[in-house]
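Structure first, commentary second.
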Amino acid sequence: MEFHETTLENGLTLIAELNPAAQSVAAGVFVRIGSRDETEDVSGVSHFLEHMAFKGNDVYAADDVNRIFDELGANYNASTSEEVTQFYAAILPEYLPKALEMLSALLYPSLRHDDFEMEKKVILEEIGMYDDQPTFTVYEQAMQAHFPTHPLGRKILGTNDSVSALTSEAMRQYHADHYRTGNMVVAVAGRGDWEELCGLVREHCGGFPDGQTGRNTVAPPVGGQTQVVHRPASLQQHVMQLAAAPPADHRLRYAADLLGVIVGDHTSSRLYWELVDPGHAESADLGYNDYDGTGTWLTYLGCPPEAVAGNLDRIHSVYEQVNRDGVTSKELEQAQNRLASSIVLRSERPMGRLGALGSNWVYLGQYRSVQDDLDTVRGITLDDIVELLSEYPLAADSTAAVGPLESL
Amino acid sequence: MVQFEVTRYTRVDRPFVLPFASTMPSTATIHTLENGLTVIVEPMRDVRSAAFSFLVPAGSVHDPVGQNGTAAILSDFILRGAGSLDSRQLTATLDNLGLQRGETVGIQHLGFSGATVADRLPEVLSVYGDILQHPHLPSDQFEASRDGLEMTLHAMQDEPRQRLMVELRRRCFPEPWGTPTYGQLEQLPAISAESLQAHYRQLVRPDAAILGVAGGVDPDEVLAVVQETFGDWESLPGTAPETGEYTPVVEHIEHDSTQTHIGIAYDAVPYCHEDYYTAWAAVGVLSGGMSSRLFTEVRERRGLCYAISAVLNSLPQHARVLAYAGTTSDRAQETLDVTLAEMQRVAQGIEPGELERCQARAKSALIMEQESTIARAGAVARDWFHLGRVTTLEEVRGKIESLTVDTVLEYIHTHPADNFTVVTIGPEPLEVAGGIS
């Protein structure tokens, strides 16, 4: 396993973790752009743009883009979060040159007006699809309740109104402002030759415009609101609660991952044994989500409406106890074993490695090998957990609910 | 954990995994114990992990009449303590072995699968020996187990897309092959700790059980552990369920949802059939990648929906193409019409490029599967179940390469897309043009 890094003249960074024993290779472009970089009037544009990427440029028509990726037998897709838009493909090594060319074509699409209007319909359908998934709805509501005055609280997809009102001109402007090399990294994991890779990226990406947009990463104020979406015909109640947790570049972010496993993993954790195992709730999870400049403890509860009050009490008494007494060395060791094993397993395939490679670069500006991650996880101590809890105690500052209850 | 990012394209089923296996002929070691348990071990190069897939023929098709949900409860109940370990100790032991595990309830099998660092596999298997042969099945925890399933069913009821696929399967397969794997709410009260314990004693047996193992392992060592752990498991032959009748239907389920969720099914040939790969290619032309017919015509050209896909779903004797589309209600009728028309239009001709793209995707997926111990363990077990043997990489590659436009069209003409079962969930019912042909 060898790591390489270079920056082209236009400021574009290429990183690669090459493994001659791999049978495939995964390539991705990570763009540090997401819904938090939008203003309210263009809410949803980052994600819409990700869709438009596949509509082709001056060389390739929309049909060509999908057809060529399929001809390569590529496993390809794209995604948008609050902070990152990524485009990626896993292919057999011989198809890497063409796959890189196609990935580069995705980044500077023509953004034709007719394509824009057609894809708008698809986006509105996507909003409709998530609307029928209560766990997604409750997440959107919780983020809004927690970050009411910050773009992190806005929906990744935008709303029906914001997407309907969006113009192709506004999208072109947003694209021109944000799709700049200082906001991107090209990452490759698996089998490949470094020199060849450099040549390909220079050829296909050497003309990308330079520049970088700033992102305000000052920790946003936390809302502490409660939002309830009343759905009388539903059977299950979904509740999500958020509280402050370490930001993505925090020294204790791995400790936060481990604490999430200990307290709120869905197969064996404090919450599991208190709520799920005895049959009080279908789900009771604690997770840690990290962002630039902030982070969240995310509590999710799924249970019958009449059991919500009792279950929230149970959750909060678990949290009180953890905040007060910390966790045991046995629990920490068990969580370390689980996390270490999942890191090893995920890393066995180039596609599994690509995500970690890209996001470490985007968030930390550094390369971390699998061994680095394992060493960090193994090195977390009970003192680290105590320190974490004193700075970021488990809590439920903001709440959202979707289901039969009219109020909490 | 709940963390969201939205992707360009999601499928109704799991992401594309070739529903067939692939290994070099000499690499898989196969051994059937005297009690019937078959073990297939495939050593893999350049991997640190090992994975297993244990298929026990106690899926929902075997649920006692009026007690649908038995298999689903059992998949949770069986983990509530085994051998000398109580529930928490059992979980802690598996966690400390670094096992990433999962339990699935299928129509035919209860599935137990997992992966960890290869040298821990023997210990893991010995814990599963206790889970399968010496579970505590504690009566005082039965209610908790059943309540858990009831809540899961409530949650599924609230998610129209999930509910749709359950309702579609129920209607498009002959009885009892569409039996909901997670059970039915109204039948849960009929299930008791005693009925579950009796069901366990009857069904969780080695006779037709399959254990697939793949990864950085030595087959002889694995076989020795399996023999020691499962050699004394007592056999008890089971009976095959009787297959009933099936008539295609069109049905609407009213639901106060934003979208109308459309499910379509029609006949295909099962995995054991000689034309299986041809059938697979026929579905691939329709819904293989983002350049396939449904994605292009329904989504890209008309913007009718975000999610649309069709997959080939195979049971031992029956197979169906299962398709899904979700769309806002005022465009649902057009979505259904266009989707059905595209399914039938394939019979009029296929471009060579369309087939070549299916072949390219299949070959690439075959190679990439060689990098995943979890995928390989699942594939060898599934192969054994459907075929009674493990297919080889060369065999599958050969079958894919030998596909031609003519053979795929011939398959489509002899197995046309018609006699549709259509289930919709949403605010308004839809019309199936011309009724069912």
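The way I read the labels, and the way they are meant: chains A, B, ... in the order of the structure tokens, residue 1 as the first residue of every chain, and ligand 1 as the first ligand shown, with later ones counted on from there.
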Within 6 Å of chain B: residues of chain A, using only C-alpha atoms, as a PDB file with C-alpha atoms, in the first residue's frame:
ATOM      1  CA  ASN A  66     -24.641   6.942 -18.687  1.00  0.00           C
ATOM      2  CA  ARG A  67     -23.913   4.730 -21.671  1.00  0.00           C
ATOM      3  CA  ASP A  70     -22.169   1.307 -18.277  1.00  0.00           C
ATOM      4  CA  GLU A  71     -19.900   0.192 -21.110  1.00  0.00           C
ATOM      5  CA  GLY A  73     -18.999  -1.992 -16.344  1.00  0.00           C
ATOM      6  CA  ALA A  78     -22.851  10.466  -6.858  1.00  0.00           C
ATOM      7  CA  SER A  79     -24.088  11.870  -3.588  1.00  0.00           C
ATOM      8  CA  THR A  80     -24.599  15.146  -1.792  1.00  0.00           C
ATOM      9  CA  SER A  81     -24.500  15.841   1.918  1.00  0.00           C
ATOM     10  CA  MET A 118     -36.571  17.972 -17.027  1.00  0.00           C
ATOM     11  CA  LYS A 121     -39.158  17.092 -12.156  1.00  0.00           C
ATOM     12  CA  VAL A 122     -36.918  14.237 -11.007  1.00  0.00           C
ATOM     13  CA  GLU A 125     -40.058  13.370  -7.183  1.00  0.00           C
ATOM     14  CA  GLU A 126     -37.052  12.669  -5.016  1.00  0.00           C
ATOM     15  CA  GLY A 128     -41.694  13.309  -2.610  1.00  0.00           C
ATOM     16  CA  GLN A 133     -39.897   7.943   4.629  1.00  0.00           C
ATOM     17  CA  SER A 234     -49.161   6.473  11.236  1.00  0.00           C
ATOM     18  CA  LEU A 235     -48.597   3.603  13.627  1.00  0.00           C
ATOM     19  CA  GLN A 236     -45.058   4.281  14.746  1.00  0.00           C
ATOM     20  CA  PRO A 278     -36.787  -5.575  26.637  1.00  0.00           C
ATOM     21  CA  GLY A 279     -39.174  -4.673  23.790  1.00  0.00           C
ATOM     22  CA  GLU A 282     -37.994  -0.833  17.958  1.00  0.00           C
ATOM     23  CA  GLY A 287     -24.799   8.323  16.781  1.00  0.00           C
ATOM     24  CA  GLN A 334     -15.532  -4.221  23.315  1.00  0.00           C
ATOM     25  CA  ASN A 337     -12.717  -4.445  18.996  1.00  0.00           C
ATOM     26  CA  ARG A 338     -15.857  -3.795  16.998  1.00  0.00           C
ATOM     27  CA  SER A 341     -12.752  -4.866  12.879  1.00  0.00           C
TER      28      SER A 341
END
Problem set entry | Selection: 12 Å around Gly293 (chain A), only C-alpha atoms, excl. self and same-chain fewer than 5 positions, as number ranges by chain | A: 36, 83, 152, 215-221, 244-250, 363-364
Exercise. Given the choices A:Arg314, A:Arg32, A:Arg180, A:His204, which gets closest to Leu103 (chain A) if the distance is worked out from only C-alpha atoms?
Worked result: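 Using only C-alpha atoms, Leu103 (chain A) sits closest to A:His204.
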For this session: Go through region 108-330 of chain A and collect every residue that DSSP, computed from the backbone, puts in alpha helix (DSSP H); the answer should be as a ChimeraX atom specification.
Result: /A:113-131,134-146,160-165,168-178,194-205,253-264,270-271,308-325,329-330
Problem set entry | Long-range neighbours of region 161-167 of chain A as a ChimeraX atom specification, 7 Å cut-off, only C-alpha atoms, 5 positions minimum in chain | /A:41-44
Problem set entry | Nearby residues (only C-alpha atoms) at most 12 Å from region 245-247 of chain B, same-chain spacing under 3 positions excluded, as a list in words |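 Surrounding residues, per the criterion: Arg169, Arg170, Arg171, Cys172, Phe173, Pro174, Glu175, Pro176, Trp177, Gly178, Glu242, Val250, Ala265, Tyr266, Asp267, His318, Asn419, Phe420, Thr421, Val422 and Ile436 of chain B.
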For this session: Please provide the set of residues having any atom within 8 Å of Leu242 (chain A), restricted to only C-alpha atoms, with same-chain residues fewer than 3 positions apart removed, written as a PyMOL selection string.
Result: chain A and resi 142-143+146+296-299+395-399
Exercise. Mind checking DSSP for region 102-292 of chain A and telling me the strand (DSSP E or B) residues as a PyMOL selection string?
Worked result: chain A and resi 184-190+226-230+237-244+283-291
